[in-house]
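Shown next: target-v5.txt, containing compact mmCIF, C-alpha atoms.
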```
# COMPACT_ATOMS: atom_id res chain seq x y z
CA MET A 1 98.50 130.22 109.84
CA VAL A 2 97.63 126.52 109.69
CA LYS A 3 97.12 124.82 113.03
CA PRO A 4 99.22 121.63 113.33
CA THR A 5 97.28 118.40 113.67
CA ARG A 6 97.27 116.41 116.89
CA VAL A 7 97.59 113.19 114.91
CA THR A 8 101.09 111.74 115.18
CA ASN A 9 102.59 109.09 112.94
CA GLU A 10 105.34 106.53 112.55
CA ILE A 11 105.92 107.05 108.83
CA ARG A 12 109.58 108.00 109.09
CA GLY A 13 110.39 104.92 111.18
CA LEU A 14 108.37 102.68 108.88
CA ARG A 15 110.19 104.03 105.83
CA PHE A 16 113.56 103.18 107.36
CA ARG A 17 112.41 99.73 108.48
CA HIS A 18 111.28 99.03 104.91
CA GLY A 19 114.57 99.29 103.07
CA GLU A 20 115.22 102.94 103.88
CA MET A 21 112.44 104.00 101.52
CA THR A 22 112.78 107.65 100.56
CA GLN A 23 110.03 110.20 100.87
CA ALA A 24 110.02 110.44 97.08
CA GLU A 25 109.55 106.66 96.72
CA LEU A 26 106.66 106.66 99.18
CA ALA A 27 105.09 109.66 97.45
CA SER A 28 105.31 107.91 94.10
CA ARG A 29 103.62 104.78 95.47
CA LEU A 30 100.85 106.91 96.96
CA GLY A 31 100.36 109.19 93.96
CA VAL A 32 101.12 112.34 95.98
CA THR A 33 104.01 114.79 96.02
CA ARG A 34 107.12 114.43 98.15
CA GLN A 35 106.11 117.69 99.86
CA THR A 36 102.84 116.05 100.92
CA VAL A 37 104.72 113.13 102.50
CA ILE A 38 107.02 115.59 104.30
CA ALA A 39 104.04 117.56 105.64
CA ILE A 40 102.30 114.38 106.85
CA GLU A 41 105.48 113.09 108.54
CA GLN A 42 106.00 116.42 110.30
CA GLY A 43 102.40 116.58 111.51
CA ARG A 44 101.64 119.72 109.52
CA TYR A 45 99.01 117.94 107.43
CA SER A 46 96.57 115.10 108.04
CA PRO A 47 96.08 112.85 105.02
CA SER A 48 92.69 111.91 103.68
CA LEU A 49 91.33 108.65 104.99
CA GLU A 50 92.06 107.04 101.64
CA VAL A 51 95.72 108.13 101.67
CA ALA A 52 96.07 107.04 105.30
CA PHE A 53 94.90 103.54 104.38
CA GLN A 54 97.21 103.51 101.35
CA ILE A 55 100.18 104.39 103.58
CA ALA A 56 99.33 101.53 105.94
CA ARG A 57 98.97 99.17 102.98
CA VAL A 58 102.37 100.17 101.53
CA PHE A 59 103.99 99.11 104.81
CA GLY A 60 101.74 96.09 105.36
CA VAL A 61 100.62 97.24 108.81
CA PRO A 62 97.30 98.21 110.42
CA LEU A 63 96.32 101.87 110.31
CA ASP A 64 96.83 102.13 114.10
CA ASP A 65 100.49 101.20 113.63
CA VAL A 66 100.96 104.25 111.39
CA PHE A 67 98.79 106.96 112.94
CA HIS A 68 98.02 107.83 116.57
CA TYR A 69 95.43 110.23 117.94
CA PRO A 70 95.82 111.23 121.59
CA ASP A 71 93.13 110.23 124.03
CA ILE A 72 90.97 113.15 125.02
CA GLU A 73 91.11 113.64 128.75
CA GLU A 74 87.73 113.73 130.42
CA PRO A 75 87.19 116.74 132.69
CA ALA A 76 87.27 115.89 136.41
CA SER A 77 83.83 115.81 137.98
```

Kindly present the structure from the file in C-alpha cells form.
Amino acid sequence: MVKPTRVTNEIRGLRFRHGEMTQAELASRLGVTRQTVIAIEQGRYSPSLEVAFQIARVFGVPLDDVFHYPDIEEPAS
C-alpha cells in the first residue's frame, strides 16, 4: 500500500479561481493524465519538482502558494 504524502496543496481551489478549470484541462496543460492530477490533488501522489513548478506557472503563483509541507516539530529537550 502506498503511504500518502504529507505535502498538501491548493490545486483544487486554484483551478476554481482560474475559470473553473477542469482536472482534464490542467492535465492537458501539464502533459500528464487526469488521473495524475486527481492523485496530486488528493495527496496520494507528490509530483516531480518539474511538474510542481509547471503547476505553479499555469496559475501564475509562487510554488509556496500551491504546495505546503508541514513544519517538523523539534523534540522537546

Q. In terms of the shortest atom-to-atom distance over only C-alpha atoms, which of A:Val51, A:Leu26, A:Glu41, A:Asp71 is closest to A:Glu10?
A. A:Glu41

Q) Please, what distance in Å, to one decimal, runs between atom CA of A:Ala27 and atom CA of A:Arg6? A) 22.0 Å

Q | A:Leu49, A:Val58, A:Ala24, A:Leu63 ranked by distance to A:Thr36, top pick (using only C-alpha atoms) | A | A:Ala24

Q. Counting only C-alpha atoms, what is within 12 Å of A:Ala39, bar same-chain residues fewer than 5 positions away, as a ChimeraX atom specification?
A. /A:2,4-5,8-9,11-12,23,27,32-34,44-47

Q) For the atom pair atom CA of A:Ala52 and atom CA of A:Phe67, what is the interatomic distance in Å to one decimal place? A) 8.1 Å

**Q.** Long-range neighbours of A:Leu14 as JSON, numbers by chain, 9 Å cut-off, only C-alpha atoms, 5 positions minimum in chain
**A.** {"A": [20, 21, 59, 66]}

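From atom CA of A:His68 back to atom CA of A:Val7, the distance works out to 5.6 Å.
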
Q: Go ahead and find all residues with at least one atom no further than 6 Å from (94.5, 101.0, 106.8) in the file's coordinates, using all atoms listed in the file; report them as a VMD selection string.
A: chain A and resid 53 56 62 to 63

So for stretch 56-60 of chain A, what box centre and size do we get, axis-aligned, 8 Å extra on each of the six sides, every listed atom, Å to one decimal, as lines of an AutoDock Vina configuration file?
```
center_x = 101.5
center_y = 98.8
center_z = 103.7
size_x = 21.0
size_y = 21.4
size_z = 20.4
```

Reconstructed N, CA and C atoms for stretch 12-36 of chain A, given as an mmCIF file, in the frame of the given file:
```cif
data_model
loop_
_atom_site.group_PDB
_atom_site.id
_atom_site.type_symbol
_atom_site.label_atom_id
_atom_site.label_comp_id
_atom_site.auth_asym_id
_atom_site.auth_seq_id
_atom_site.Cartn_x
_atom_site.Cartn_y
_atom_site.Cartn_z
ATOM 1 N N ARG A 12 108.128 107.957 109.269
ATOM 2 C CA ARG A 12 109.580 108.000 109.090
ATOM 3 C C ARG A 12 110.229 106.681 109.522
ATOM 4 N N GLY A 13 109.857 106.186 110.693
ATOM 5 C CA GLY A 13 110.390 104.920 111.180
ATOM 6 C C GLY A 13 110.034 103.758 110.269
ATOM 7 N N LEU A 14 108.799 103.739 109.792
ATOM 8 C CA LEU A 14 108.370 102.680 108.880
ATOM 9 C C LEU A 14 109.157 102.723 107.579
ATOM 10 N N ARG A 15 109.406 103.917 107.071
ATOM 11 C CA ARG A 15 110.190 104.030 105.830
ATOM 12 C C ARG A 15 111.570 103.412 106.009
ATOM 13 N N PHE A 16 112.203 103.692 107.147
ATOM 14 C CA PHE A 16 113.560 103.180 107.360
ATOM 15 C C PHE A 16 113.563 101.683 107.643
ATOM 16 N N ARG A 17 112.504 101.175 108.244
ATOM 17 C CA ARG A 17 112.410 99.730 108.480
ATOM 18 C C ARG A 17 112.046 98.966 107.212
ATOM 19 N N HIS A 18 111.636 99.659 106.193
ATOM 20 C CA HIS A 18 111.280 99.030 104.910
ATOM 21 C C HIS A 18 112.278 99.442 103.842
ATOM 22 N N GLY A 19 113.526 99.088 104.067
ATOM 23 C CA GLY A 19 114.570 99.290 103.070
ATOM 24 C C GLY A 19 114.995 100.727 102.879
ATOM 25 N N GLU A 20 114.849 101.527 103.943
ATOM 26 C CA GLU A 20 115.220 102.940 103.880
ATOM 27 C C GLU A 20 114.539 103.639 102.696
ATOM 28 N N MET A 21 113.246 103.381 102.569
ATOM 29 C CA MET A 21 112.440 104.000 101.520
ATOM 30 C C MET A 21 112.512 105.522 101.636
ATOM 31 N N THR A 22 112.723 106.182 100.531
ATOM 32 C CA THR A 22 112.780 107.650 100.560
ATOM 33 C C THR A 22 111.376 108.236 100.566
ATOM 34 N N GLN A 23 111.307 109.507 100.925
ATOM 35 C CA GLN A 23 110.030 110.200 100.870
ATOM 36 C C GLN A 23 109.509 110.234 99.436
ATOM 37 N N ALA A 24 110.411 110.403 98.487
ATOM 38 C CA ALA A 24 110.020 110.440 97.080
ATOM 39 C C ALA A 24 109.449 109.090 96.634
ATOM 40 N N GLU A 25 110.058 107.993 97.082
ATOM 41 C CA GLU A 25 109.550 106.660 96.720
ATOM 42 C C GLU A 25 108.156 106.439 97.300
ATOM 43 N N LEU A 26 107.969 106.816 98.562
ATOM 44 C CA LEU A 26 106.660 106.660 99.180
ATOM 45 C C LEU A 26 105.632 107.528 98.455
ATOM 46 N N ALA A 27 105.995 108.757 98.161
ATOM 47 C CA ALA A 27 105.090 109.660 97.450
ATOM 48 C C ALA A 27 104.663 109.072 96.113
ATOM 49 N N SER A 28 105.606 108.502 95.399
ATOM 50 C CA SER A 28 105.310 107.910 94.100
ATOM 51 C C SER A 28 104.326 106.747 94.241
ATOM 52 N N ARG A 29 104.517 105.925 95.252
ATOM 53 C CA ARG A 29 103.620 104.780 95.470
ATOM 54 C C ARG A 29 102.222 105.224 95.876
ATOM 55 N N LEU A 30 102.139 106.404 96.504
ATOM 56 C CA LEU A 30 100.850 106.910 96.960
ATOM 57 C C LEU A 30 100.158 107.794 95.927
ATOM 58 N N GLY A 31 100.928 108.271 94.945
ATOM 59 C CA GLY A 31 100.360 109.190 93.960
ATOM 60 C C GLY A 31 100.218 110.603 94.494
ATOM 61 N N VAL A 32 101.106 110.981 95.429
ATOM 62 C CA VAL A 32 101.120 112.340 95.980
ATOM 63 C C VAL A 32 102.515 112.918 95.780
ATOM 64 N N THR A 33 102.698 114.174 96.147
ATOM 65 C CA THR A 33 104.010 114.790 96.020
ATOM 66 C C THR A 33 104.879 114.478 97.231
ATOM 67 N N ARG A 34 106.181 114.611 97.041
ATOM 68 C CA ARG A 34 107.120 114.430 98.150
ATOM 69 C C ARG A 34 106.822 115.442 99.255
ATOM 70 N N GLN A 35 106.432 116.660 98.876
ATOM 71 C CA GLN A 35 106.110 117.690 99.860
ATOM 72 C C GLN A 35 104.920 117.271 100.732
ATOM 73 N N THR A 36 103.979 116.549 100.147
ATOM 74 C CA THR A 36 102.840 116.050 100.920
ATOM 75 C C THR A 36 103.310 115.037 101.954
#
```
